[in-house]
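S.K.: Structure file my_file.cif (mmCIF, C-alpha atoms) is given on the next line.
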```
data_upload
#
loop_
_atom_site.group_PDB
_atom_site.id
_atom_site.type_symbol
_atom_site.label_atom_id
_atom_site.label_comp_id
_atom_site.auth_asym_id
_atom_site.auth_seq_id
_atom_site.Cartn_x
_atom_site.Cartn_y
_atom_site.Cartn_z
ATOM 1 C CA MET A 1 0.000 0.000 0.000
ATOM 2 C CA ILE A 2 1.152 3.519 -0.837
ATOM 3 C CA LEU A 3 0.143 6.321 1.516
ATOM 4 C CA ILE A 4 -0.205 9.719 -0.140
ATOM 5 C CA THR A 5 -0.987 12.630 2.130
ATOM 6 C CA GLY A 6 -2.584 15.600 0.399
ATOM 7 C CA GLY A 7 -3.754 13.194 -2.292
ATOM 8 C CA SER A 8 -6.737 15.304 -3.279
ATOM 9 C CA GLY A 9 -4.552 18.378 -3.627
ATOM 10 C CA PHE A 10 -2.803 19.806 -6.659
ATOM 11 C CA ILE A 11 0.435 17.821 -6.736
ATOM 12 C CA GLY A 12 -0.890 14.792 -4.852
ATOM 13 C CA SER A 13 -3.714 14.143 -7.311
ATOM 14 C CA ASN A 14 -1.331 14.332 -10.268
ATOM 15 C CA ILE A 15 0.913 11.792 -8.564
ATOM 16 C CA ILE A 16 -2.067 9.455 -8.153
ATOM 17 C CA GLU A 17 -2.913 9.883 -11.833
ATOM 18 C CA ALA A 18 0.647 8.916 -12.760
ATOM 19 C CA PHE A 19 0.435 5.816 -10.550
ATOM 20 C CA ASN A 20 -2.928 4.872 -12.067
ATOM 21 C CA LYS A 21 -1.462 5.100 -15.565
ATOM 22 C CA GLU A 22 1.030 2.426 -14.492
ATOM 23 C CA GLY A 23 -1.811 0.284 -13.159
ATOM 24 C CA ILE A 24 -0.967 1.049 -9.509
ATOM 25 C CA CYS A 25 -4.106 1.562 -7.452
ATOM 26 C CA ASP A 26 -3.205 0.335 -3.951
ATOM 27 C CA ILE A 27 -3.201 3.914 -2.741
ATOM 28 C CA LEU A 28 -4.407 5.220 0.593
ATOM 29 C CA VAL A 29 -5.202 8.932 0.447
ATOM 30 C CA ALA A 30 -5.042 11.017 3.609
ATOM 31 C CA ASP A 31 -6.317 14.551 3.292
ATOM 32 C CA GLN A 32 -8.731 17.107 4.690
ATOM 33 C CA LEU A 33 -11.524 17.865 2.246
ATOM 34 C CA ASP A 34 -13.151 21.245 2.673
ATOM 35 C CA SER A 35 -15.677 23.505 0.957
ATOM 36 C CA THR A 36 -13.473 23.921 -2.129
ATOM 37 C CA ASN A 37 -13.787 21.701 -5.189
ATOM 38 C CA LYS A 38 -10.561 19.780 -4.589
ATOM 39 C CA TRP A 39 -12.595 16.611 -4.018
ATOM 40 C CA LYS A 40 -12.989 16.579 -7.808
ATOM 41 C CA ASN A 41 -9.257 15.943 -8.143
ATOM 42 C CA ILE A 42 -9.669 12.370 -6.896
ATOM 43 C CA ALA A 43 -13.244 11.698 -8.016
ATOM 44 C CA ASN A 44 -11.938 10.025 -11.181
ATOM 45 C CA LYS A 45 -8.868 8.429 -9.601
ATOM 46 C CA ASN A 46 -8.551 4.764 -8.669
ATOM 47 C CA ILE A 47 -7.579 4.503 -4.993
ATOM 48 C CA ALA A 48 -7.946 1.879 -2.292
ATOM 49 C CA ASP A 49 -9.323 4.169 0.414
ATOM 50 C CA TYR A 50 -9.593 7.714 1.733
ATOM 51 C CA ILE A 51 -9.191 8.782 5.350
ATOM 52 C CA ASP A 52 -9.330 12.157 7.006
ATOM 53 C CA LYS A 53 -5.958 13.583 7.950
ATOM 54 C CA ASP A 54 -6.965 13.860 11.620
ATOM 55 C CA SER A 55 -7.580 10.102 11.799
ATOM 56 C CA LEU A 56 -4.427 9.087 9.973
ATOM 57 C CA PHE A 57 -2.222 7.935 12.839
ATOM 58 C CA LYS A 58 -5.009 5.833 14.324
ATOM 59 C CA LYS A 59 -5.827 4.072 11.076
ATOM 60 C CA ILE A 60 -2.427 3.473 9.477
ATOM 61 C CA LYS A 61 -1.672 0.945 12.213
ATOM 62 C CA GLU A 62 -4.155 -1.305 10.423
ATOM 63 C CA GLU A 63 -2.503 -0.907 7.001
ATOM 64 C CA ASN A 64 0.551 -2.492 5.403
ATOM 65 C CA ILE A 65 2.199 0.733 4.244
ATOM 66 C CA GLN A 66 5.293 0.274 2.075
ATOM 67 C CA VAL A 67 5.895 3.852 0.902
ATOM 68 C CA VAL A 68 4.791 7.225 2.273
ATOM 69 C CA ILE A 69 4.517 10.143 -0.154
ATOM 70 C CA HIS A 70 3.901 13.189 2.007
ATOM 71 C CA MET A 71 2.471 16.045 -0.083
ATOM 72 C CA GLY A 72 -0.059 17.338 2.441
ATOM 73 C CA ALA A 73 0.573 20.829 3.806
ATOM 74 C CA CYS A 74 -0.861 24.276 4.246
ATOM 75 C CA THR A 75 0.689 26.053 1.244
ATOM 76 C CA ASN A 76 -0.734 29.541 1.742
ATOM 77 C CA THR A 77 2.303 31.811 1.596
ATOM 78 C CA MET A 78 0.154 34.723 2.823
ATOM 79 C CA GLU A 79 -0.994 32.876 5.972
ATOM 80 C CA SER A 80 0.059 34.836 9.045
ATOM 81 C CA ASP A 81 -0.949 32.263 11.679
ATOM 82 C CA ALA A 82 2.482 30.752 12.262
ATOM 83 C CA LYS A 83 1.236 28.550 15.103
ATOM 84 C CA GLN A 84 -1.279 26.756 12.876
ATOM 85 C CA MET A 85 1.230 26.611 10.026
ATOM 86 C CA LEU A 86 3.762 24.803 12.217
ATOM 87 C CA LYS A 87 1.116 22.416 13.494
ATOM 88 C CA ASP A 88 0.077 21.462 9.953
ATOM 89 C CA ASN A 89 3.455 21.466 8.239
ATOM 90 C CA TYR A 90 6.025 20.789 10.940
ATOM 91 C CA ASP A 91 4.500 18.716 13.756
ATOM 92 C CA PHE A 92 2.498 16.496 11.409
ATOM 93 C CA SER A 93 5.550 15.905 9.209
ATOM 94 C CA LYS A 94 7.714 14.957 12.188
ATOM 95 C CA ASN A 95 5.159 12.360 13.275
ATOM 96 C CA LEU A 96 5.114 10.842 9.779
ATOM 97 C CA TRP A 97 8.915 10.745 9.705
ATOM 98 C CA LYS A 98 9.030 8.947 13.056
ATOM 99 C CA TYR A 99 6.432 6.446 11.860
ATOM 100 C CA CYS A 100 8.463 5.683 8.712
ATOM 101 C CA ALA A 101 11.696 5.432 10.691
ATOM 102 C CA GLU A 102 10.133 2.990 13.145
ATOM 103 C CA LYS A 103 8.433 0.856 10.471
ATOM 104 C CA LYS A 104 11.345 1.049 7.991
ATOM 105 C CA ILE A 105 9.246 2.670 5.275
ATOM 106 C CA LYS A 106 10.545 4.718 2.344
ATOM 107 C CA PHE A 107 9.616 8.373 2.881
ATOM 108 C CA ILE A 108 9.222 10.958 0.088
ATOM 109 C CA TYR A 109 8.081 14.408 1.126
ATOM 110 C CA ALA A 110 7.465 17.879 -0.259
ATOM 111 C CA SER A 111 9.956 20.484 0.774
ATOM 112 C CA SER A 112 9.897 23.862 -0.972
ATOM 113 C CA ALA A 113 12.157 26.246 -2.852
ATOM 114 C CA SER A 114 10.681 28.951 -0.626
ATOM 115 C CA ILE A 115 13.260 27.940 2.008
ATOM 116 C CA TYR A 116 15.920 29.631 -0.155
ATOM 117 C CA GLY A 117 14.476 33.001 0.807
ATOM 118 C CA ASP A 118 15.680 35.810 -1.438
ATOM 119 C CA GLY A 119 18.167 33.457 -3.088
ATOM 120 C CA SER A 120 21.237 35.299 -1.836
ATOM 121 C CA PHE A 121 22.830 31.960 -0.850
ATOM 122 C CA GLY A 122 21.973 30.310 -4.147
ATOM 123 C CA PHE A 123 19.645 27.442 -5.009
ATOM 124 C CA THR A 124 21.706 24.328 -4.339
ATOM 125 C CA GLU A 125 20.715 21.627 -1.872
ATOM 126 C CA ASN A 126 23.896 21.885 0.179
ATOM 127 C CA ILE A 127 23.401 25.449 1.419
ATOM 128 C CA ASN A 128 23.776 26.125 5.124
ATOM 129 C CA LEU A 129 20.209 25.854 6.388
ATOM 130 C CA ASN A 130 21.050 27.957 9.431
ATOM 131 C CA LYS A 131 21.967 30.952 7.302
ATOM 132 C CA VAL A 132 18.947 31.279 5.005
ATOM 133 C CA THR A 133 16.091 33.545 6.066
ATOM 134 C CA PRO A 134 12.557 32.443 5.110
ATOM 135 C CA LEU A 135 10.243 35.175 3.828
ATOM 136 C CA ASN A 136 6.956 33.942 5.345
ATOM 137 C CA PRO A 137 5.557 31.429 7.893
ATOM 138 C CA TYR A 138 5.003 28.814 5.176
ATOM 139 C CA ALA A 139 8.665 28.935 4.140
ATOM 140 C CA TYR A 140 9.708 28.826 7.796
ATOM 141 C CA SER A 141 7.620 25.699 8.438
ATOM 142 C CA LYS A 142 9.312 23.931 5.521
ATOM 143 C CA LEU A 143 12.763 25.124 6.518
ATOM 144 C CA LEU A 144 12.243 24.076 10.118
ATOM 145 C CA PHE A 145 11.391 20.519 9.054
ATOM 146 C CA ASP A 146 14.440 20.328 6.775
ATOM 147 C CA ARG A 147 16.610 21.545 9.659
ATOM 148 C CA TRP A 148 15.048 19.004 12.028
ATOM 149 C CA ILE A 149 15.667 16.144 9.608
ATOM 150 C CA ALA A 150 19.325 17.095 9.280
ATOM 151 C CA LYS A 151 19.733 16.371 13.008
ATOM 152 C CA GLN A 152 18.017 12.979 13.049
ATOM 153 C CA LYS A 153 20.055 9.849 13.670
ATOM 154 C CA THR A 154 17.096 7.491 13.321
ATOM 155 C CA THR A 155 15.791 7.684 9.772
ATOM 156 C CA PRO A 156 13.651 5.789 7.265
ATOM 157 C CA PRO A 157 15.701 3.346 5.149
ATOM 158 C CA TYR A 158 15.476 5.716 2.174
ATOM 159 C CA TRP A 159 14.086 9.227 2.166
ATOM 160 C CA ALA A 160 13.928 12.157 -0.226
ATOM 161 C CA GLY A 161 12.879 15.729 0.442
ATOM 162 C CA LEU A 162 11.782 17.315 -2.827
ATOM 163 C CA ARG A 163 12.228 21.086 -3.023
ATOM 164 C CA PHE A 164 9.531 22.117 -5.479
ATOM 165 C CA PHE A 165 10.006 25.334 -7.417
ATOM 166 C CA ASN A 166 7.155 27.159 -9.237
ATOM 167 C CA VAL A 167 4.661 24.448 -10.145
ATOM 168 C CA TYR A 168 1.769 24.914 -12.582
ATOM 169 C CA GLY A 169 -0.744 22.594 -14.214
ATOM 170 C CA PRO A 170 -4.089 20.777 -13.886
ATOM 171 C CA GLY A 171 -5.733 20.336 -10.502
ATOM 172 C CA GLU A 172 -4.946 23.648 -8.823
ATOM 173 C CA SER A 173 -8.265 25.522 -9.163
ATOM 174 C CA HIS A 174 -9.149 24.949 -5.486
ATOM 175 C CA LYS A 175 -6.035 26.847 -4.384
ATOM 176 C CA GLY A 176 -7.616 30.232 -5.022
ATOM 177 C CA PRO A 177 -5.067 33.063 -4.644
ATOM 178 C CA MET A 178 -2.298 30.482 -4.153
ATOM 179 C CA ALA A 179 -2.817 28.938 -7.601
ATOM 180 C CA SER A 180 -0.054 29.511 -10.147
ATOM 181 C CA MET A 181 0.331 32.677 -12.198
ATOM 182 C CA ALA A 182 -0.494 30.562 -15.253
ATOM 183 C CA PHE A 183 -3.899 29.741 -13.771
ATOM 184 C CA HIS A 184 -4.684 33.338 -12.837
ATOM 185 C CA ALA A 185 -3.416 34.749 -16.125
ATOM 186 C CA TYR A 186 -5.637 32.391 -18.118
ATOM 187 C CA HIS A 187 -8.720 33.546 -16.222
ATOM 188 C CA GLN A 188 -7.740 37.208 -16.513
ATOM 189 C CA ILE A 189 -7.541 36.795 -20.279
ATOM 190 C CA GLN A 190 -10.878 35.007 -20.294
ATOM 191 C CA GLN A 191 -12.585 37.732 -18.259
ATOM 192 C CA GLU A 192 -10.773 40.924 -19.290
ATOM 193 C CA GLY A 193 -8.667 40.151 -22.334
ATOM 194 C CA LYS A 194 -5.498 41.240 -20.542
ATOM 195 C CA VAL A 195 -3.115 40.145 -17.781
ATOM 196 C CA ARG A 196 -1.888 42.213 -14.847
ATOM 197 C CA LEU A 197 1.656 41.693 -13.563
ATOM 198 C CA PHE A 198 3.454 43.275 -10.648
ATOM 199 C CA LYS A 199 5.798 46.117 -11.404
ATOM 200 C CA SER A 200 9.402 45.623 -10.436
ATOM 201 C CA ASN A 201 10.733 47.687 -7.562
ATOM 202 C CA ARG A 202 14.362 46.852 -8.357
ATOM 203 C CA ILE A 203 16.419 48.708 -10.919
ATOM 204 C CA ASN A 204 18.044 45.522 -12.240
ATOM 205 C CA TYR A 205 14.653 44.017 -13.170
ATOM 206 C CA GLN A 206 12.320 45.583 -15.722
ATOM 207 C CA HIS A 207 8.567 45.202 -15.186
ATOM 208 C CA GLY A 208 7.551 41.604 -15.830
ATOM 209 C CA GLU A 209 11.171 40.492 -16.094
ATOM 210 C CA GLN A 210 11.233 38.869 -12.645
ATOM 211 C CA GLN A 211 12.423 35.304 -13.262
ATOM 212 C CA ARG A 212 11.123 31.954 -12.063
ATOM 213 C CA ASP A 213 11.912 28.294 -12.541
ATOM 214 C CA PHE A 214 8.491 27.132 -13.728
ATOM 215 C CA ILE A 215 7.910 23.365 -13.652
ATOM 216 C CA TYR A 216 4.946 21.453 -15.051
ATOM 217 C CA VAL A 217 3.159 19.335 -12.460
ATOM 218 C CA LYS A 218 3.375 16.263 -14.719
ATOM 219 C CA ASP A 219 7.171 16.468 -14.401
ATOM 220 C CA ILE A 220 6.800 16.555 -10.624
ATOM 221 C CA ALA A 221 4.761 13.341 -10.760
ATOM 222 C CA ASN A 222 7.397 11.665 -12.947
ATOM 223 C CA ILE A 223 10.126 12.493 -10.435
ATOM 224 C CA VAL A 224 8.092 11.117 -7.526
ATOM 225 C CA LEU A 225 7.544 7.883 -9.459
ATOM 226 C CA PHE A 226 11.282 7.746 -10.151
ATOM 227 C CA PHE A 227 11.999 7.736 -6.409
ATOM 228 C CA TYR A 228 9.175 5.252 -5.808
ATOM 229 C CA HIS A 229 10.571 2.752 -8.301
ATOM 230 C CA LYS A 230 14.243 3.246 -7.445
ATOM 231 C CA ALA A 231 15.289 0.448 -5.117
ATOM 232 C CA SER A 232 18.021 2.503 -3.480
ATOM 233 C CA PHE A 233 19.345 6.047 -3.654
ATOM 234 C CA PRO A 234 21.324 8.455 -1.479
ATOM 235 C CA SER A 235 18.825 9.825 1.015
ATOM 236 C CA GLY A 236 18.649 13.597 1.171
ATOM 237 C CA ILE A 237 17.198 16.787 -0.225
ATOM 238 C CA TYR A 238 16.691 17.118 -3.993
ATOM 239 C CA ASN A 239 15.748 20.197 -5.974
ATOM 240 C CA VAL A 240 12.759 19.702 -8.238
ATOM 241 C CA GLY A 241 12.564 22.389 -10.871
ATOM 242 C CA SER A 242 13.172 22.530 -14.602
ATOM 243 C CA GLY A 243 16.642 23.962 -14.162
ATOM 244 C CA GLN A 244 15.648 26.822 -16.489
ATOM 245 C CA THR A 245 14.417 30.351 -15.852
ATOM 246 C CA HIS A 246 11.699 32.261 -17.660
ATOM 247 C CA THR A 247 10.378 35.733 -17.040
ATOM 248 C CA PHE A 248 6.756 36.398 -16.206
ATOM 249 C CA ASN A 249 6.533 38.232 -19.529
ATOM 250 C CA GLU A 250 7.560 35.022 -21.311
ATOM 251 C CA LEU A 251 5.034 33.011 -19.317
ATOM 252 C CA ILE A 252 2.193 35.383 -20.237
ATOM 253 C CA GLN A 253 3.220 35.472 -23.883
ATOM 254 C CA ALA A 254 3.034 31.653 -23.940
ATOM 255 C CA ILE A 255 -0.470 31.758 -22.456
ATOM 256 C CA PHE A 256 -1.703 34.336 -24.977
ATOM 257 C CA SER A 257 -0.204 32.245 -27.768
ATOM 258 C CA ALA A 258 -1.976 29.104 -26.558
ATOM 259 C CA TYR A 259 -5.300 30.874 -25.905
ATOM 260 C CA PRO A 260 -4.950 32.433 -28.595
ATOM 261 C CA ALA A 261 -5.497 36.168 -28.242
ATOM 262 C CA PRO A 262 -3.596 39.429 -28.842
ATOM 263 C CA ILE A 263 -1.056 40.094 -26.099
ATOM 264 C CA GLN A 264 -2.233 42.721 -23.624
ATOM 265 C CA MET A 265 -0.415 43.249 -20.340
ATOM 266 C CA GLU A 266 -0.718 45.833 -17.604
ATOM 267 C CA TYR A 267 1.868 46.374 -14.863
ATOM 268 C CA ILE A 268 0.466 47.198 -11.456
ATOM 269 C CA ASP A 269 1.983 48.222 -8.130
ATOM 270 C CA MET A 270 2.951 45.408 -5.812
ATOM 271 C CA PRO A 271 0.630 45.265 -2.770
ATOM 272 C CA GLU A 272 1.981 46.874 0.369
ATOM 273 C CA GLY A 273 3.733 44.338 2.564
ATOM 274 C CA LEU A 274 4.492 41.898 -0.268
ATOM 275 C CA GLU A 275 7.816 43.341 -1.415
ATOM 276 C CA ASP A 276 9.815 41.839 1.459
ATOM 277 C CA LYS A 277 8.206 38.423 0.822
ATOM 278 C CA TYR A 278 8.687 38.406 -2.941
ATOM 279 C CA GLN A 279 11.297 36.338 -4.778
ATOM 280 C CA TYR A 280 12.640 38.089 -7.887
ATOM 281 C CA TYR A 281 14.630 35.109 -9.126
ATOM 282 C CA THR A 282 14.568 31.338 -8.670
ATOM 283 C CA LYS A 283 16.466 28.636 -10.540
ATOM 284 C CA ALA A 284 16.897 25.051 -9.424
ATOM 285 C CA ASP A 285 20.328 23.460 -9.566
ATOM 286 C CA MET A 286 19.299 20.030 -10.880
ATOM 287 C CA ASN A 287 22.699 18.315 -10.888
ATOM 288 C CA LYS A 288 22.069 16.242 -7.771
ATOM 289 C CA LEU A 289 18.957 14.576 -9.208
ATOM 290 C CA LYS A 290 20.746 13.859 -12.468
ATOM 291 C CA THR A 291 23.682 12.227 -10.687
ATOM 292 C CA ILE A 292 21.414 9.503 -9.278
ATOM 293 C CA GLY A 293 20.087 8.600 -12.701
ATOM 294 C CA TYR A 294 17.148 10.861 -13.494
ATOM 295 C CA SER A 295 17.478 11.568 -17.208
ATOM 296 C CA ARG A 296 13.944 12.333 -18.347
ATOM 297 C CA LYS A 297 13.587 15.666 -20.151
ATOM 298 C CA PHE A 298 11.499 18.372 -18.552
ATOM 299 C CA THR A 299 8.490 19.777 -20.347
ATOM 300 C CA ASP A 300 9.283 22.918 -22.327
ATOM 301 C CA LEU A 301 7.398 25.929 -20.929
ATOM 302 C CA LYS A 302 5.522 26.625 -24.168
ATOM 303 C CA GLN A 303 4.486 22.976 -24.472
ATOM 304 C CA GLY A 304 3.414 22.739 -20.836
ATOM 305 C CA ILE A 305 1.436 25.977 -21.035
ATOM 306 C CA SER A 306 -0.204 24.852 -24.275
ATOM 307 C CA GLU A 307 -1.333 21.591 -22.636
ATOM 308 C CA TYR A 308 -2.497 23.440 -19.524
ATOM 309 C CA VAL A 309 -4.512 26.022 -21.469
ATOM 310 C CA HIS A 310 -6.127 23.195 -23.461
ATOM 311 C CA TYR A 311 -7.047 21.535 -20.147
ATOM 312 C CA LEU A 312 -8.473 24.760 -18.696
ATOM 313 C CA ARG A 313 -10.542 25.382 -21.821
ATOM 314 C CA SER A 314 -12.004 21.876 -21.514
ATOM 315 C CA LEU A 315 -13.437 22.642 -18.086
ATOM 316 C CA LYS A 316 -17.046 23.714 -17.857
#
```
Could I get this structure in the form of structure tokens?

M.R.:
Amino acid sequence: MILITGGSGFIGSNIIEAFNKEGICDILVADQLDSTNKWKNIANKNIADYIDKDSLFKKIKEENIQVVIHMGACTNTMESDAKQMLKDNYDFSKNLWKYCAEKKIKFIYASSASIYGDGSFGFTENINLNKVTPLNPYAYSKLLFDRWIAKQKTTPPYWAGLRFFNVYGPGESHKGPMASMAFHAYHQIQQEGKVRLFKSNRINYQHGEQQRDFIYVKDIANIVLFFYHKASFPSGIYNVGSGQTHTFNELIQAIFSAYPAPIQMEYIDMPEGLEDKYQYYTKADMNKLKTIGYSRKFTDLKQGISEYVHYLRSLK
């Protein structure tokens, strides 16, 4: 049995779809369904069972879990309740780690590129975790767990912390404001015929030229399956991005091209209080993942956006 926390969420549901395509359906989903439409993400998936997150540690004692894929988390980067954020993202994750260490279960979990802060120390996995400064409670919760793991002497037999960069793709509509820029831009075009981007407040970045490492969610799922199938690998943190950077202007141009519609963009002031939490540049160093044998090509941004726009247009 495979346990996937956050299985009805954006990344989790795409991982389940990838498993299903390989004929793997012995999947236990642990999540916390709410008033959003994220339940639709698993309505057409083939799983063994669903349990509420709050009942997880009572019920997994009855299951023969072989792999834990921990994608569940509060991902709201604007959430100011640090206490609740740590409860959801830090305490819960520690309990899962201890369970996997005790039961000798492979553990794959979602870290985040947000732990790199403003990027002044670079984007490689071997940075000094005690030097980076997270920009919000979400990033701090992820960083705190990575720091905690680095101190553990009792570990699962194999474990991988996947530092996701800027993910976009099907299954994120329930995320609201936290959905990708690709999602929001598509709907802005649909409703207004134009896209609004934040102005740059730094002289070395023109408006819309802030850069991100955008990665298609299908590529994320492929990497998780790679770790699932790999019998052994060096346990540790792995960046999960495309290894390429694109500006927001390039992203929006790709969306207009796929829509298709004439390009219309408007640059607006960044909301007060966001500037000190905003990353102007991210780029994953992907060498570590490649050195353990991952050789699959990442989806080109234009191709991924084209597929995503086609998916969004199919929704009614």

S.K.: Quick one: of A:Ala261, A:Leu197, A:Ile223, A:Val68, who's nearest to Ser295 (chain A), counting only C-alpha atoms?

M.R.: A:Ile223

S.K.: If the PyMOL selection byres ((chain A and resi 20) around 12) is run on the structure shown, which residues does it catch, given as an MDAnalysis selection string?

M.R.: chainID A and resid 13:19 21:27 42 44:48 221 225

S.K.: Which residue gives the smallest distance to Leu129 (chain A) among A:Met181, A:Val195, A:Met286, A:Ile237, with only C-alpha atoms counted?

M.R.: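 Smallest distance to Leu129 (chain A) is found for A:Ile237.
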
S.K.: Might you spell out which residues the PyMOL selection byres ((chain A and resi 194) around 6) would select in the displayed file, as an MDAnalysis selection string?

M.R.: chainID A and resid 189 192:193 195 264:265

S.K.: Between CA of Ser8 (chain A) and CA of Asn89 (chain A), what is the distance, to one decimal in Å?

M.R.: 16.6 Å

S.K.: Pull out every residue that the PyMOL selection byres ((chain A and resi 245) around 9) matches in the shown coordinates and put them as a ChimeraX atom specification.

M.R.: /A:211-214,242-244,246-247,281-284

S.K.: Residues of the last selection are to be written out with C-alpha atoms, as an mmCIF file, in the coordinates of the input.

M.R.:
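out_25.cif written:
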```cif
data_model
loop_
_atom_site.group_PDB
_atom_site.id
_atom_site.type_symbol
_atom_site.label_atom_id
_atom_site.label_comp_id
_atom_site.auth_asym_id
_atom_site.auth_seq_id
_atom_site.Cartn_x
_atom_site.Cartn_y
_atom_site.Cartn_z
ATOM 1 C CA GLN A 211 12.423 35.304 -13.262
ATOM 2 C CA ARG A 212 11.123 31.954 -12.063
ATOM 3 C CA ASP A 213 11.912 28.294 -12.541
ATOM 4 C CA PHE A 214 8.491 27.132 -13.728
ATOM 5 C CA SER A 242 13.172 22.530 -14.602
ATOM 6 C CA GLY A 243 16.642 23.962 -14.162
ATOM 7 C CA GLN A 244 15.648 26.822 -16.489
ATOM 8 C CA HIS A 246 11.699 32.261 -17.660
ATOM 9 C CA THR A 247 10.378 35.733 -17.040
ATOM 10 C CA TYR A 281 14.630 35.109 -9.126
ATOM 11 C CA THR A 282 14.568 31.338 -8.670
ATOM 12 C CA LYS A 283 16.466 28.636 -10.540
ATOM 13 C CA ALA A 284 16.897 25.051 -9.424
#
```

S.K.: From (14.0, 34.6, 4.3), in the file's coordinates, out to 10 Å: which residues are reached, counting only C-alpha atoms? Answer as a PyMOL selection string.

M.R.: chain A and resi 114-120+131-137+139-140+143+276-279

S.K.: What lies within 10 Å of Gly236 (chain A) using all atoms listed in the file, ignoring chain neighbours under 6 positions off, as a PyMOL selection string?

M.R.: chain A and resi 108+125-126+146+149-150+158-162+288

S.K.: Give the answer as one residue: which of A:Gln66, A:Gln210, A:Thr75, A:Asn222 has the shortest atom-to-atom distance to Ser111 (chain A), using all atoms listed in the file?

M.R.: A:Thr75

S.K.: Between A:Pro170, A:Tyr205, A:Pro234, A:Gln191, which has the minimum distance to Ser306 (chain A) (counting all atoms listed in the file)?

M.R.: A:Pro170

S.K.: When you look at Val29 (chain A) with a cut-off of 8 Å (counting only C-alpha atoms), what residues show up, excluding the ones that are within fewer than 6 positions of it in the same chain? I need them as a PDB file with C-alpha atoms, keeping the file's coordinate frame.

M.R.:
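Wrote it out as out-v6.pdb, contents follow:
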```pdb
ATOM      1  CA  LEU A   3       0.143   6.321   1.516  1.00  0.00           C
ATOM      2  CA  ILE A   4      -0.205   9.719  -0.140  1.00  0.00           C
ATOM      3  CA  THR A   5      -0.987  12.630   2.130  1.00  0.00           C
ATOM      4  CA  GLY A   6      -2.584  15.600   0.399  1.00  0.00           C
ATOM      5  CA  GLY A   7      -3.754  13.194  -2.292  1.00  0.00           C
ATOM      6  CA  SER A   8      -6.737  15.304  -3.279  1.00  0.00           C
ATOM      7  CA  ILE A  47      -7.579   4.503  -4.993  1.00  0.00           C
ATOM      8  CA  ASP A  49      -9.323   4.169   0.414  1.00  0.00           C
ATOM      9  CA  TYR A  50      -9.593   7.714   1.733  1.00  0.00           C
ATOM     10  CA  ILE A  51      -9.191   8.782   5.350  1.00  0.00           C
TER      11      ILE A  51
END
```
